[in-house]
>>> print(open('input-v2.cif').read())   # mmCIF, C-alpha atoms
data_entry
#
loop_
_atom_site.label_atom_id
_atom_site.label_comp_id
_atom_site.auth_asym_id
_atom_site.auth_seq_id
_atom_site.Cartn_x
_atom_site.Cartn_y
_atom_site.Cartn_z
CA MET A 961 -16.40 62.34 2.82
CA ASN A 962 -14.14 59.42 1.97
CA GLN A 963 -15.34 55.97 2.91
CA PRO A 964 -12.89 53.96 5.01
CA SER A 965 -11.19 51.23 3.06
CA GLN A 966 -12.21 47.73 3.99
CA VAL A 967 -9.81 44.84 4.19
CA PRO A 968 -11.27 41.88 2.35
CA SER A 969 -11.74 38.87 4.60
CA ARG A 970 -11.65 35.26 3.64
CA GLY A 971 -15.18 33.99 3.85
CA PRO A 972 -16.36 30.40 3.98
CA SER A 973 -16.81 30.34 0.20
CA GLN A 974 -13.18 31.36 -0.38
CA VAL A 975 -11.92 28.77 2.05
CA LEU A 976 -14.07 26.12 0.37
CA SER A 977 -12.90 27.10 -3.10
CA ARG A 978 -9.26 26.99 -2.04
CA GLY A 979 -9.79 23.59 -0.46
CA LEU A 980 -11.46 22.23 -3.60
CA ALA A 981 -8.67 23.64 -5.76
CA ARG A 982 -6.07 22.00 -3.55
CA ILE A 983 -7.54 18.52 -3.76
CA THR A 984 -8.29 18.71 -7.50
CA GLU A 985 -5.23 20.45 -8.93
CA ALA A 986 -2.58 18.02 -7.70
CA ALA A 987 -2.08 14.59 -6.17
CA LEU A 988 -0.94 15.47 -2.66
CA GLY A 989 1.70 13.61 -0.68
CA PRO A 990 3.75 12.22 -3.60
CA TYR A 991 6.61 11.18 -1.32
CA GLN A 992 4.33 9.65 1.30
CA SER A 993 2.46 7.64 -1.34
CA ALA A 994 5.78 6.48 -2.80
CA VAL A 995 6.95 5.33 0.63
CA ILE A 996 3.84 3.26 1.30
CA ARG A 997 4.05 1.82 -2.23
CA ILE A 998 7.64 0.72 -1.68
CA GLY A 999 6.98 -0.44 1.88
CA PHE A 1000 3.94 -2.61 1.27
CA ALA A 1001 5.24 -4.02 -2.01
CA GLY A 1002 8.59 -4.83 -0.40
CA THR A 1003 6.95 -6.42 2.64
CA TRP A 1004 4.79 -8.71 0.52
CA LEU A 1005 7.66 -9.52 -1.87
CA PHE A 1006 10.00 -10.52 0.96
CA PHE A 1007 7.25 -12.63 2.51
CA LEU A 1008 6.58 -14.48 -0.76
CA LEU A 1009 10.27 -15.13 -1.29
CA ARG A 1010 10.82 -16.31 2.29
CA GLU A 1011 7.84 -18.64 2.16
CA PHE A 1012 8.60 -19.93 -1.34
CA PRO A 1013 9.72 -23.35 -0.06
CA HIS A 1014 6.51 -23.56 2.03
CA ARG A 1015 4.08 -22.14 -0.55
CA GLN A 1016 2.34 -25.49 -1.03
CA GLU A 1017 1.50 -25.86 2.66
CA LEU A 1018 0.32 -22.25 2.91
CA TYR A 1019 -1.67 -21.73 -0.29
CA GLY A 1020 -1.27 -24.78 -2.53
CA PRO A 1021 -4.18 -26.93 -3.75
CA ASP A 1022 -2.82 -29.96 -1.89
CA GLY A 1023 -2.05 -28.17 1.38
CA PRO A 1024 -3.71 -28.89 4.75
CA TRP A 1025 -6.44 -26.36 3.88
CA ASP A 1026 -7.17 -27.98 0.53
CA TRP A 1027 -8.89 -26.48 -2.49
CA ASN A 1028 -12.35 -27.85 -1.71
CA MET A 1029 -12.26 -26.42 1.81
CA GLY A 1030 -11.11 -23.07 0.47
CA ARG A 1031 -13.89 -23.15 -2.08
CA ARG A 1032 -16.55 -23.71 0.57
CA LEU A 1033 -15.13 -20.92 2.70
CA THR A 1034 -15.06 -18.36 -0.12
CA LEU A 1035 -18.60 -19.26 -1.13
CA ASP A 1036 -19.64 -18.53 2.43
CA ASN A 1037 -17.71 -15.29 3.07
CA HIS A 1038 -17.85 -14.00 -0.55
CA ALA A 1039 -14.11 -13.34 -0.63
CA PHE A 1040 -12.27 -12.82 -3.92
CA THR A 1041 -9.43 -15.18 -4.82
CA ALA A 1042 -8.18 -16.09 -8.26
CA LEU A 1043 -6.80 -19.35 -6.88
CA MET A 1044 -10.35 -20.69 -6.86
CA TRP A 1045 -10.52 -20.42 -10.65
CA SER A 1046 -8.66 -23.73 -10.93
CA ASN A 1047 -7.34 -26.42 -8.59
CA GLY A 1048 -4.46 -27.34 -10.90
CA GLN A 1049 -0.87 -27.26 -9.70
CA LEU A 1050 0.30 -25.38 -12.81
CA TRP A 1051 -2.19 -22.56 -12.21
CA PHE A 1052 -1.03 -22.20 -8.61
CA GLU A 1053 2.66 -22.06 -9.57
CA CYS A 1054 2.02 -19.51 -12.32
CA PHE A 1055 -0.09 -17.35 -10.04
CA TYR A 1056 2.50 -17.41 -7.25
CA ALA A 1057 5.13 -16.30 -9.76
CA LEU A 1058 2.77 -13.56 -10.98
CA ALA A 1059 2.34 -12.32 -7.40
CA ILE A 1060 6.11 -12.10 -7.02
CA PHE A 1061 6.44 -10.25 -10.33
CA ALA A 1062 3.67 -7.78 -9.47
CA SER A 1063 5.24 -7.04 -6.08
CA ALA A 1064 8.66 -6.43 -7.64
CA ALA A 1065 7.14 -4.20 -10.36
CA LEU A 1066 5.26 -2.11 -7.81
CA LEU A 1067 8.32 -1.87 -5.60
CA LEU A 1068 10.35 -0.46 -8.51
CA GLY A 1069 7.48 1.65 -9.80
CA TRP A 1070 7.37 -0.01 -13.22
CA ARG A 1071 3.96 0.39 -14.92
CA THR A 1072 2.64 1.51 -11.56
CA ARG A 1073 -1.03 1.58 -12.50
CA THR A 1074 -1.08 -1.99 -13.76
CA ALA A 1075 1.34 -3.22 -11.08
CA SER A 1076 -0.88 -1.86 -8.29
CA VAL A 1077 -3.89 -3.74 -9.66
CA LEU A 1078 -1.94 -6.98 -10.07
CA PHE A 1079 -0.46 -6.50 -6.61
CA MET A 1080 -3.95 -6.22 -5.15
CA VAL A 1081 -5.07 -9.36 -6.97
CA GLY A 1082 -2.04 -11.26 -5.70
CA VAL A 1083 -2.47 -10.17 -2.09
CA LEU A 1084 -6.21 -10.81 -1.93
CA SER A 1085 -6.06 -14.13 -3.78
CA LEU A 1086 -3.34 -15.66 -1.62
CA GLN A 1087 -4.62 -14.34 1.68
CA ASN A 1088 -8.26 -15.27 1.01
CA ARG A 1089 -7.15 -18.73 -0.10
CA SER A 1090 -6.00 -19.56 3.44
CA VAL A 1091 -7.30 -16.99 5.90
CA PHE A 1092 -6.11 -18.90 8.97
CA VAL A 1093 -2.37 -18.50 8.36
CA GLY A 1094 -2.23 -14.70 8.59
CA ASP A 1095 -1.76 -12.19 11.38
CA GLY A 1096 -2.47 -8.51 12.00
CA GLY A 1097 0.13 -7.45 9.45
CA ASP A 1098 -1.68 -9.44 6.76
CA ASN A 1099 -4.92 -7.64 7.61
CA VAL A 1100 -3.22 -4.26 7.20
CA LEU A 1101 -1.62 -5.32 3.93
CA HIS A 1102 -4.97 -6.67 2.73
CA LEU A 1103 -6.64 -3.28 3.12
CA MET A 1104 -3.73 -1.18 1.90
CA ALA A 1105 -3.42 -3.24 -1.28
CA ILE A 1106 -6.93 -2.10 -2.21
CA TYR A 1107 -6.29 1.53 -1.30
CA LEU A 1108 -3.06 1.65 -3.35
CA VAL A 1109 -5.03 1.03 -6.54
CA PHE A 1110 -6.63 4.46 -6.16
CA THR A 1111 -3.38 6.33 -5.49
CA ARG A 1112 -0.93 7.87 -7.93
CA CYS A 1113 1.96 6.31 -6.08
CA GLY A 1114 4.46 6.44 -8.94
CA GLN A 1115 5.00 10.21 -9.03
CA VAL A 1116 8.47 9.99 -7.47
CA TRP A 1117 11.02 7.30 -6.68
CA SER A 1118 9.85 5.05 -9.50
CA LEU A 1119 10.93 3.88 -12.92
CA ASP A 1120 7.84 5.58 -14.31
CA ALA A 1121 9.00 8.92 -12.89
CA ARG A 1122 12.46 8.47 -14.43
CA ARG A 1123 10.91 7.71 -17.80
CA ARG A 1124 8.69 10.79 -17.64
CA ALA A 1125 11.62 12.98 -16.63
CA ARG A 1126 13.70 11.84 -19.61
CA GLU A 1127 11.03 11.90 -22.32
CA GLN A 1128 8.86 14.87 -23.16
CA ARG A 1129 6.86 13.19 -25.89
CA ILE A 1130 6.81 9.48 -26.66
CA PRO A 1131 5.19 7.35 -29.36
CA ILE A 1132 2.67 4.65 -28.63
CA ASP A 1133 3.80 2.61 -25.66
CA TRP A 1134 3.67 -0.88 -27.12
CA THR A 1135 4.62 -2.52 -23.83
CA GLY A 1136 1.71 -0.88 -22.05
CA LEU A 1137 -0.63 -1.72 -24.90
CA ALA A 1138 0.43 -5.37 -24.77
CA LEU A 1139 -0.15 -5.50 -21.00
CA TRP A 1140 -3.58 -3.93 -21.39
CA THR A 1141 -4.53 -6.39 -24.14
CA ALA A 1142 -3.34 -9.43 -22.19
CA LEU A 1143 -5.16 -8.39 -19.02
CA GLY A 1144 -8.30 -7.63 -21.01
CA PHE A 1145 -8.21 -11.10 -22.52
CA VAL A 1146 -8.04 -12.62 -19.02
CA LEU A 1147 -10.92 -10.45 -17.77
CA VAL A 1148 -13.15 -11.27 -20.73
CA THR A 1149 -12.34 -14.99 -20.58
CA MET A 1150 -12.93 -15.32 -16.83
CA THR A 1151 -16.11 -13.25 -16.99
CA ALA A 1152 -17.49 -15.33 -19.85
CA ALA A 1153 -16.63 -18.53 -17.96
CA GLY A 1154 -18.55 -17.26 -14.92
CA ARG A 1155 -15.53 -17.39 -12.61
CA LEU A 1156 -14.70 -13.71 -12.15
CA PHE A 1157 -18.09 -12.84 -10.63
CA GLY A 1158 -18.58 -16.25 -9.05
CA ASN A 1159 -19.17 -15.22 -5.42
CA ALA A 1160 -17.94 -11.62 -5.13
CA TRP A 1161 -18.59 -8.44 -7.09
CA LEU A 1162 -16.55 -5.61 -5.55
CA ILE A 1163 -13.07 -6.63 -6.69
CA PRO A 1164 -14.19 -7.81 -10.17
CA VAL A 1165 -15.98 -4.47 -10.71
CA LEU A 1166 -12.81 -2.66 -9.61
CA LEU A 1167 -10.74 -4.71 -12.07
CA TRP A 1168 -13.06 -3.88 -14.94
CA ALA A 1169 -13.13 -0.21 -13.94
CA ALA A 1170 -9.34 -0.05 -13.91
CA TRP A 1171 -9.09 -1.73 -17.30
CA VAL A 1172 -11.69 0.55 -18.90
CA GLY A 1173 -10.13 3.58 -17.21
CA LEU A 1174 -6.75 2.84 -18.77
CA ALA A 1175 -8.36 2.60 -22.19
CA LEU A 1176 -10.22 5.88 -21.68
CA TRP A 1177 -7.05 7.60 -20.54
CA TRP A 1178 -5.21 6.43 -23.67
CA LEU A 1179 -8.02 7.48 -26.01
CA VAL A 1180 -8.18 10.95 -24.49
CA GLN A 1181 -4.42 11.38 -24.70
CA ARG A 1182 -4.41 10.29 -28.34
CA LEU A 1183 -7.59 11.72 -29.78
CA ALA A 1184 -8.66 14.72 -27.69
CA ARG A 1185 -8.42 17.94 -29.70
CA SER A 1186 -8.44 20.16 -26.63
CA ALA A 1187 -6.98 20.03 -23.14
CA GLU A 1188 -10.33 19.91 -21.32
CA PRO A 1189 -10.84 16.11 -21.43
CA ARG A 1190 -7.30 15.53 -20.20
CA ILE A 1191 -7.78 18.05 -17.40
CA LEU A 1192 -11.05 16.38 -16.39
CA LEU A 1193 -9.45 12.94 -16.14
CA ASP A 1194 -6.55 14.42 -14.25
CA VAL A 1195 -8.92 16.04 -11.74
CA ILE A 1196 -10.75 12.73 -11.22
CA ALA A 1197 -7.46 10.91 -10.66
CA ASN A 1198 -6.29 13.58 -8.21
CA VAL A 1199 -9.52 13.38 -6.21
CA LEU A 1200 -9.30 9.58 -6.03
CA HIS A 1201 -5.66 9.76 -4.98
CA ASN A 1202 -6.21 12.35 -2.28
CA GLY A 1203 -9.27 10.55 -0.98
CA ALA A 1204 -7.39 7.24 -0.80
CA LEU A 1205 -4.51 8.91 1.04
CA VAL A 1206 -6.94 10.29 3.62
CA VAL A 1207 -8.48 6.83 4.02
CA ILE A 1208 -5.02 5.31 4.57
CA MET A 1209 -4.28 7.88 7.27
CA ALA A 1210 -7.66 7.30 8.90
CA GLU A 1211 -7.09 3.53 8.79
CA ALA A 1212 -3.76 3.87 10.58
CA CYS A 1213 -5.31 6.09 13.24
CA LEU A 1214 -8.20 3.66 13.67
CA ILE A 1215 -5.83 0.73 14.14
CA TYR A 1216 -3.95 2.48 16.93
CA ALA A 1217 -7.05 3.95 18.56
CA THR A 1218 -8.89 0.62 18.74
CA ALA A 1219 -5.77 -1.26 19.84
CA GLY A 1220 -5.07 1.26 22.58
CA TRP A 1221 -8.62 1.44 23.94
CA TYR A 1222 -8.98 -2.34 23.94
CA LYS A 1223 -5.72 -2.60 25.89
CA ILE A 1224 -7.06 -0.18 28.49
CA GLN A 1225 -9.92 -2.61 29.20
CA GLY A 1226 -7.58 -5.55 29.77
CA SER A 1227 -6.59 -6.36 33.35
CA ARG A 1228 -3.06 -7.43 32.32
CA TRP A 1229 -2.45 -4.06 30.71
CA GLN A 1230 -3.89 -2.29 33.73
CA ASP A 1231 -1.49 -3.98 36.15
CA GLY A 1232 1.43 -3.63 33.69
CA THR A 1233 2.18 -7.35 33.20
CA ALA A 1234 0.80 -7.83 29.64
CA VAL A 1235 4.22 -7.60 27.97
CA TYR A 1236 5.61 -10.41 30.12
CA TYR A 1237 3.47 -13.22 28.72
CA PRO A 1238 4.23 -13.08 24.97
CA LEU A 1239 7.94 -12.93 25.80
CA HIS A 1240 7.65 -16.45 27.24
CA LEU A 1241 5.65 -18.09 24.48
CA ASP A 1242 7.76 -20.43 22.36
CA TYR A 1243 6.03 -19.25 19.19
CA PHE A 1244 7.05 -15.62 19.88
CA SER A 1245 10.52 -16.24 21.31
CA PRO A 1246 13.11 -16.49 18.54
CA TRP A 1247 15.71 -15.17 21.03
CA PRO A 1248 14.88 -16.71 24.45
CA GLY A 1249 17.92 -15.12 26.06
CA LEU A 1250 16.88 -11.64 24.95
CA ALA A 1251 13.31 -12.23 26.13
CA ASP A 1252 14.55 -13.39 29.54
CA LEU A 1253 16.79 -10.34 29.80
CA MET A 1254 13.90 -7.98 29.08
CA SER A 1255 11.57 -9.70 31.55
CA THR A 1256 13.96 -9.60 34.50
CA SER A 1257 12.80 -6.11 35.50
CA GLY A 1258 9.15 -5.70 36.38
CA THR A 1259 9.56 -1.91 36.31
CA ILE A 1260 10.72 -1.96 32.70
CA LEU A 1261 7.84 -4.21 31.67
CA MET A 1262 5.36 -1.92 33.37
CA ILE A 1263 6.83 1.17 31.69
CA VAL A 1264 6.69 -0.56 28.31
CA ALA A 1265 3.09 -1.66 28.84
CA TYR A 1266 1.84 1.73 30.01
CA GLY A 1267 3.90 3.56 27.39
CA THR A 1268 2.46 1.42 24.60
CA VAL A 1269 -1.10 2.16 25.67
CA ILE A 1270 -0.46 5.88 26.08
CA VAL A 1271 1.24 6.26 22.70
CA GLN A 1272 -1.42 4.30 20.82
CA VAL A 1273 -4.33 6.13 22.38
CA ALA A 1274 -2.73 9.57 22.08
CA PHE A 1275 -1.36 9.32 18.53
CA PRO A 1276 -4.59 10.19 16.61
CA PHE A 1277 -5.05 13.29 18.80
CA THR A 1278 -1.55 14.62 18.04
CA LEU A 1279 -1.91 14.94 14.27
CA LEU A 1280 -2.65 18.66 14.56
CA ASN A 1281 0.61 19.27 16.42
CA ARG A 1282 3.52 18.47 14.14
CA ARG A 1283 6.23 18.24 16.76
CA VAL A 1284 4.33 16.00 19.16
CA LYS A 1285 3.12 13.87 16.26
CA ASN A 1286 6.67 13.32 15.02
CA VAL A 1287 7.84 12.29 18.49
CA LEU A 1288 5.05 9.72 18.88
CA LEU A 1289 5.66 8.53 15.32
CA VAL A 1290 9.27 7.74 16.17
CA LEU A 1291 8.15 5.91 19.31
CA LEU A 1292 5.64 3.82 17.34
CA MET A 1293 8.23 2.87 14.74
CA MET A 1294 10.71 1.94 17.47
CA GLU A 1295 8.03 -0.18 19.12
CA HIS A 1296 7.43 -2.14 15.94
CA PHE A 1297 11.16 -2.50 15.35
CA VAL A 1298 11.50 -4.08 18.80
CA ILE A 1299 8.51 -6.34 18.11
CA ALA A 1300 10.14 -7.51 14.88
CA ILE A 1301 13.31 -8.57 16.70
CA VAL A 1302 12.12 -9.72 20.11
CA LEU A 1303 8.86 -11.43 19.11
CA GLY A 1304 9.98 -12.58 15.66
CA LEU A 1305 7.24 -10.77 13.71
CA PRO A 1306 9.19 -8.95 10.98
CA PHE A 1307 6.44 -8.74 8.37
CA PHE A 1308 3.82 -7.51 10.82
CA SER A 1309 6.25 -4.82 11.96
CA LEU A 1310 7.19 -3.85 8.41
CA ALA A 1311 3.52 -3.47 7.50
CA MET A 1312 2.83 -1.26 10.51
CA ILE A 1313 5.97 0.84 10.01
CA THR A 1314 4.93 1.39 6.41
CA ALA A 1315 1.46 2.48 7.51
CA ASP A 1316 3.11 4.88 9.97
CA ALA A 1317 5.30 6.29 7.18
CA VAL A 1318 2.32 8.03 5.58
CA PHE A 1319 2.64 10.62 8.40
CA LEU A 1320 6.35 11.33 7.84
CA PRO A 1321 7.18 14.97 7.00
CA THR A 1322 7.81 15.74 3.35
CA SER A 1323 11.05 17.58 4.15
CA PHE A 1324 12.44 14.48 5.86
CA LEU A 1325 11.47 12.23 2.95
CA ARG A 1326 13.05 14.62 0.45
CA ARG A 1327 16.29 14.56 2.40
CA VAL A 1328 16.20 10.76 2.48
CA GLY A 1329 15.61 10.70 -1.29
CA ALA A 1330 18.46 13.13 -1.92
CA PHE A 1331 20.80 11.05 0.23
CA ALA A 1332 19.82 7.86 -1.59
CA ALA A 1333 20.32 9.58 -4.96
CA ARG A 1334 23.79 10.78 -3.99
CA ALA A 1335 24.70 7.31 -2.73
CA ARG A 1336 23.49 5.74 -5.96
CA GLY A 1337 25.41 8.25 -8.05
CA ARG A 1338 28.55 7.63 -6.01
CA PHE A 1339 28.45 3.84 -6.03
CA GLY A 1340 26.68 3.31 -9.37
CA LYS A 1341 28.36 2.13 -12.50
CA GLY A 1342 31.01 4.63 -13.48
CA GLY A 1343 29.94 6.95 -10.69
CA GLY A 1344 28.34 9.23 -13.23
CA GLY A 1345 25.57 11.60 -12.25
CA ASP A 1346 23.91 12.12 -8.93
CA GLY A 1347 20.93 9.96 -9.83
CA THR A 1348 18.39 12.59 -8.90
CA VAL A 1349 14.93 12.57 -10.38
CA PRO A 1350 13.30 15.95 -10.90
CA ALA A 1351 10.03 16.64 -9.13
CA PRO A 1352 7.11 15.65 -11.34
CA ARG A 1353 5.52 18.41 -13.39
CA ALA A 1354 2.19 16.63 -13.35
CA PRO A 1355 1.37 13.32 -11.67
CA GLU A 1356 1.14 9.98 -13.38
CA ASP A 1357 1.51 10.78 -17.08
CA SER A 1358 -0.99 13.62 -16.98
CA THR A 1359 1.24 16.08 -18.84
CA PRO A 1360 -0.83 17.57 -21.69
CA GLY A 1361 0.28 16.48 -25.10
CA ARG A 1362 1.62 13.07 -24.17
CA VAL A 1363 0.47 10.31 -26.44
CA GLY A 1364 1.89 7.27 -24.72
CA PHE A 1365 -0.10 4.30 -23.48
CA THR A 1366 1.07 3.79 -19.91
CA ALA A 1367 -0.45 0.72 -18.36
#
>>> encode(input="input-v2.cif", output="structure tokens")
Amino acid sequence: MNQPSQVPSRGPSQVLSRGLARITEAALGPYQSAVIRIGFAGTWLFFLLREFPHRQELYGPDGPWDWNMGRRLTLDNHAFTALMWSNGQLWFECFYALAIFASAALLLGWRTRTASVLFMVGVLSLQNRSVFVGDGGDNVLHLMAIYLVFTRCGQVWSLDARRRAREQRIPIDWTGLALWTALGFVLVTMTAAGRLFGNAWLIPVLLWAAWVGLALWWLVQRLARSAEPRILLDVIANVLHNGALVVIMAEACLIYATAGWYKIQGSRWQDGTAVYYPLHLDYFSPWPGLADLMSTSGTILMIVAYGTVIVQVAFPFTLLNRRVKNVLLVLLMMEHFVIAIVLGLPFFSLAMITADAVFLPTSFLRRVGAFAARARGRFGKGGGGDGTVPAPRAPEDSTPGRVGFTA
């Protein structure tokens, strides 16, 4: 008697193995990570350029919050800032220029690994130097700058991706080697002088880990006789990237959830009048006529207040429904766009819109990238080529057989 055939079912072990394979074989969300890289780097770059004439008052050693006061504060809160290494004017000017350079390099995706580390150092050092001049957008940027170090955010839409697409095998990357040597000299010098680990340990340890990791990556690419060491490093990098991307998503959800639930507890949000008051503060009224126009209707203000609370509270619960999530995502981005114009908070809004962009669908981002590539090919020099960049074969210089030193 023939036994009935059994259809194999996916057990918990198969689901677990597939999940592990997914998070180890590739760096997920390459377009989303590229968007947040470009968004946060661009936000910070535009802020530094706009505040360049006022840099002394904001972060300079002779500003209202002088160097000695900043030193006492960082000793108390154990915050990392390279501006406390010296109170000289030359050091401040050089560091401010370095922060601008790092932001531009990360925006363009040039030497993304090194640029992300320098970007983090620039953001933390300037913000921790004068913590009382920031807002909510600075807090978001502060956290995201740390998370970006763990991501492989140069897979697409970057100069690194263009270089990888054009070159199959390259000699020693002398530019990357020079960057690694120069940064190592700074790390060793500051550590020996007792300034790097003066009052904080987390960021200095992360800097050393990044520097040693780059060296290990280069040694494996150059000297490994088999593919196993390269595969192992690639798996570690993929896990770190995917974990950091999950943390960024969770951070965005936490921001909206806490903001929404705190609003629910406020009496002004309960009676629908909370939006009225910031519209009539001089500090948040760059366009008084527009603010007066919006506040003429109590019904509109109530709808805006209740709608803001509903969208913020509901957004984390809609992530499992793609269509509803996309609708709320558009509403959140529109909300921050209005805040940027009406309340005069462009950098806060840019930071929040960038954090929201991590939830954008891949298909939409690919269409945006294709449109930008066609526009660049049409209006570029000579109009030659469509400017497209092929999808990466393996993320962040992990192609077996490459011998370059990419810092």
>>> resolve_selection(input="input-v2.cif", expression="the PyMOL selection byres ((chain A and resi 1275-1281) around 10)", output="number ranges by chain")
A: 1209-1210, 1212-1217, 1220, 1270-1274, 1282-1289, 1292, 1319
>>> atom_distance(input="input-v2.cif", atom1="CA of Leu1137 in chain A", atom2="CA of Ala1170 in chain A")
14.1 Å
>>> residues_around(input="input-v2.cif", residues="range 1251-1267 of chain A", least_positions_apart="6", cutoff="7 Å", atoms="all atoms listed in the file", output="PyMOL selection string")
chain A and resi 1229+1232-1236+1239+1245+1302
>>> resolve_selection(input="input-v2.cif", expression="the PyMOL selection byres ((chain A and resi 1057) around 12)", output="PDB file with C-alpha atoms, in the coordinates of the input")
ATOM      1  CA  LEU A1005       7.660  -9.520  -1.870  1.00  0.00           C
ATOM      2  CA  LEU A1008       6.580 -14.480  -0.760  1.00  0.00           C
ATOM      3  CA  LEU A1009      10.270 -15.130  -1.290  1.00  0.00           C
ATOM      4  CA  PHE A1012       8.600 -19.930  -1.340  1.00  0.00           C
ATOM      5  CA  ARG A1015       4.080 -22.140  -0.550  1.00  0.00           C
ATOM      6  CA  LEU A1050       0.300 -25.380 -12.810  1.00  0.00           C
ATOM      7  CA  TRP A1051      -2.190 -22.560 -12.210  1.00  0.00           C
ATOM      8  CA  PHE A1052      -1.030 -22.200  -8.610  1.00  0.00           C
ATOM      9  CA  GLU A1053       2.660 -22.060  -9.570  1.00  0.00           C
ATOM     10  CA  CYS A1054       2.020 -19.510 -12.320  1.00  0.00           C
ATOM     11  CA  PHE A1055      -0.090 -17.350 -10.040  1.00  0.00           C
ATOM     12  CA  TYR A1056       2.500 -17.410  -7.250  1.00  0.00           C
ATOM     13  CA  LEU A1058       2.770 -13.560 -10.980  1.00  0.00           C
ATOM     14  CA  ALA A1059       2.340 -12.320  -7.400  1.00  0.00           C
ATOM     15  CA  ILE A1060       6.110 -12.100  -7.020  1.00  0.00           C
ATOM     16  CA  PHE A1061       6.440 -10.250 -10.330  1.00  0.00           C
ATOM     17  CA  ALA A1062       3.670  -7.780  -9.470  1.00  0.00           C
ATOM     18  CA  SER A1063       5.240  -7.040  -6.080  1.00  0.00           C
ATOM     19  CA  ALA A1064       8.660  -6.430  -7.640  1.00  0.00           C
ATOM     20  CA  LEU A1078      -1.940  -6.980 -10.070  1.00  0.00           C
ATOM     21  CA  PHE A1079      -0.460  -6.500  -6.610  1.00  0.00           C
ATOM     22  CA  GLY A1082      -2.040 -11.260  -5.700  1.00  0.00           C
ATOM     23  CA  LEU A1086      -3.340 -15.660  -1.620  1.00  0.00           C
TER      24      LEU A1086
END
>>> resolve_selection(input="input-v2.cif", expression="the PyMOL selection byres ((chain A and resi 1168) around 12)", output="NGL selection string")
:A and (1077 or 1140 or 1143-1148 or 1150-1151 or 1156-1157 or 1161-1167 or 1169-1175)
>>> residues_around(input="input-v2.cif", residues="Ile1196 in chain A", least_positions_apart="6", cutoff="12 Å", atoms="all atoms listed in the file", output="ChimeraX atom specification")
/A:983-987,1110-1112,1173,1177,1189-1190,1202-1203,1358
>>> residues_around(input="input-v2.cif", residues="Ser1046 in chain A", least_positions_apart="6", cutoff="10 Å", atoms="all atoms listed in the file", output="list in words")
Pro1021, Trp1027, Phe1052 and Arg1155 of chain A
>>> atom_distance(input="input-v2.cif", atom1="CA of Ala1153 in chain A", atom2="CA of Asn1037 in chain A")
21.3 Å
>>> atom_distance(input="input-v2.cif", atom1="CA of Gln1115 in chain A", atom2="CA of Ala1042 in chain A")
29.4 Å
